Amino acid sequence: MSKKNIPVLLSGVIISLGLLPSLAQAQQPVSDAQVAAMVEALRQAAPQTKNPNDGLYSEWQVKPETLKGWSRTCLKRELTPTQFENSPAIARSIVSCITRRELTNQFAATKNEIASVRGAACWWMTGKYTGCDTGFTGDYVQKVVRFYQQQRSKPVTQSSKTGS
């Protein structure tokens, strides 16, 4: 290697090191606090049917067919609705996994935190990222955004960081 190549090589290393933080941020634009706030907002906004046999499971009111795919994605195994219902910790971990994925997708598309929350909430209810501006779904998305903002305004404590 000639002495002329050393500055070029060093500048390449320096540039690469400078890009690493931005690449890491691009891969995970949402924080644990944002995910936790969204998970809690989805739980608080979950429609309550007042029918114990409504076919929806856990505090997040998840359909059994949805749960199958989510548990395979997040746990690499399929859970039964009863397993999901009976373990709040497992339910929260699956909802957190899916919420992180959807918030990340929406943040990449919108570059805006509240727009990401709106899109993810709409997707949660309908399977689509848009079209939840009016009616029941519009009201639901507004509730999620309001609960999300309340969660985000709370100070982060040690117990909320660890999920206890």
# chains A, B, ... in the order shown; residues from 1 in each chain; ligands from 1

$ select_by_dssp --residues "segment 77-122 of chain A" --states "alpha helix (DSSP H)" --output "PyMOL selection string"
chain A and resi 81-86+88-110+113-122

$ residues_around --residues "Cys122 of chain A" --least-positions-apart "3" --cutoff "10 Å" --atoms "only C-alpha atoms" --output "count of residues only"
19

$ residues_around --residues "Arg146 of chain A" --least-positions-apart "5" --cutoff "12 Å" --atoms "only C-alpha atoms" --output "list of chain:residue names"
A:Ala37, A:Met38, A:Glu40, A:Ala41, A:Leu42, A:Gln44, A:Ala45, A:Ile114, A:Val117, A:Arg118, A:Ala121, A:Asp139, A:Tyr140, A:Val141, A:Gln151, A:Arg152, A:Ser153

$ residues_around --residues "Lys68 of chain A" --least-positions-apart "3" --cutoff "7 Å" --atoms "only C-alpha atoms" --output "PDB file with C-alpha atoms, in the first residue's frame"
ATOM      1  CA  PRO A  64     -57.839 -15.485  17.062  1.00  0.00           C
ATOM      2  CA  GLU A  65     -56.857 -15.577  13.381  1.00  0.00           C
ATOM      3  CA  SER A  71     -47.402 -15.223  17.528  1.00  0.00           C
ATOM      4  CA  ARG A  72     -45.618 -16.998  14.661  1.00  0.00           C
ATOM      5  CA  GLU A  78     -48.287 -20.339  17.355  1.00  0.00           C
ATOM      6  CA  LEU A  79     -50.206 -19.563  20.531  1.00  0.00           C
TER       7      LEU A  79
END

$ closest_residue --among "A:Gln106, A:Pro81, A:Ser96, A:Ala91" --to "Ala33 of chain A" --atoms "only C-alpha atoms"
A:Ser96

$ atom_distance --atom1 "atom CA of Val95 of chain A" --atom2 "atom CA of Val39 of chain A"
6.6 Å

$ atom_distance --atom1 "atom CA of Leu103 of chain A" --atom2 "atom CA of Ala115 of chain A"
9.7 Å

$ closest_residue --among "A:Pro29, A:Ile94, A:Val35, A:Thr66" --to "Ala109 of chain A" --atoms "only C-alpha atoms"
A:Pro29

$ decode --residues "segment 77-89 of chain A" --atoms "N, CA, C and O atoms" --output "compact mmCIF listing (two decimals), in the first residue's frame"
# COMPACT_ATOMS: atom_id res chain seq x y z
N ARG A 77 -43.62 -19.36 17.16
CA ARG A 77 -44.52 -20.48 17.45
C ARG A 77 -45.93 -19.92 17.57
O ARG A 77 -46.12 -18.74 17.89
N GLU A 78 -46.90 -20.77 17.32
CA GLU A 78 -48.29 -20.34 17.36
C GLU A 78 -48.85 -20.51 18.76
O GLU A 78 -48.67 -21.55 19.39
N LEU A 79 -49.53 -19.49 19.24
CA LEU A 79 -50.21 -19.56 20.53
C LEU A 79 -51.69 -19.78 20.32
O LEU A 79 -52.24 -19.33 19.32
N THR A 80 -52.32 -20.40 21.28
CA THR A 80 -53.78 -20.50 21.25
C THR A 80 -54.34 -19.21 21.84
O THR A 80 -53.65 -18.53 22.62
N PRO A 81 -55.56 -18.87 21.51
CA PRO A 81 -56.18 -17.69 22.13
C PRO A 81 -56.19 -17.79 23.66
O PRO A 81 -55.99 -16.78 24.34
N THR A 82 -56.38 -18.97 24.19
CA THR A 82 -56.39 -19.15 25.64
C THR A 82 -55.03 -18.83 26.25
O THR A 82 -54.93 -18.17 27.28
N GLN A 83 -53.95 -19.29 25.60
CA GLN A 83 -52.61 -18.97 26.09
C GLN A 83 -52.36 -17.46 26.07
O GLN A 83 -51.79 -16.90 27.01
N PHE A 84 -52.81 -16.84 25.01
CA PHE A 84 -52.67 -15.38 24.87
C PHE A 84 -53.48 -14.67 25.96
O PHE A 84 -52.98 -13.77 26.63
N GLU A 85 -54.70 -15.09 26.14
CA GLU A 85 -55.61 -14.49 27.12
C GLU A 85 -55.09 -14.67 28.54
O GLU A 85 -55.18 -13.75 29.36
N ASN A 86 -54.53 -15.82 28.84
CA ASN A 86 -54.14 -16.15 30.20
C ASN A 86 -52.75 -15.66 30.60
O ASN A 86 -52.35 -15.84 31.75
N SER A 87 -52.02 -15.09 29.68
CA SER A 87 -50.69 -14.57 30.02
C SER A 87 -50.55 -13.12 29.57
O SER A 87 -50.16 -12.84 28.43
N PRO A 88 -50.86 -12.19 30.47
CA PRO A 88 -50.71 -10.78 30.12
C PRO A 88 -49.30 -10.41 29.65
O PRO A 88 -49.14 -9.58 28.77
N ALA A 89 -48.28 -11.07 30.21
CA ALA A 89 -46.90 -10.76 29.81
C ALA A 89 -46.65 -11.19 28.37
O ALA A 89 -46.03 -10.45 27.58
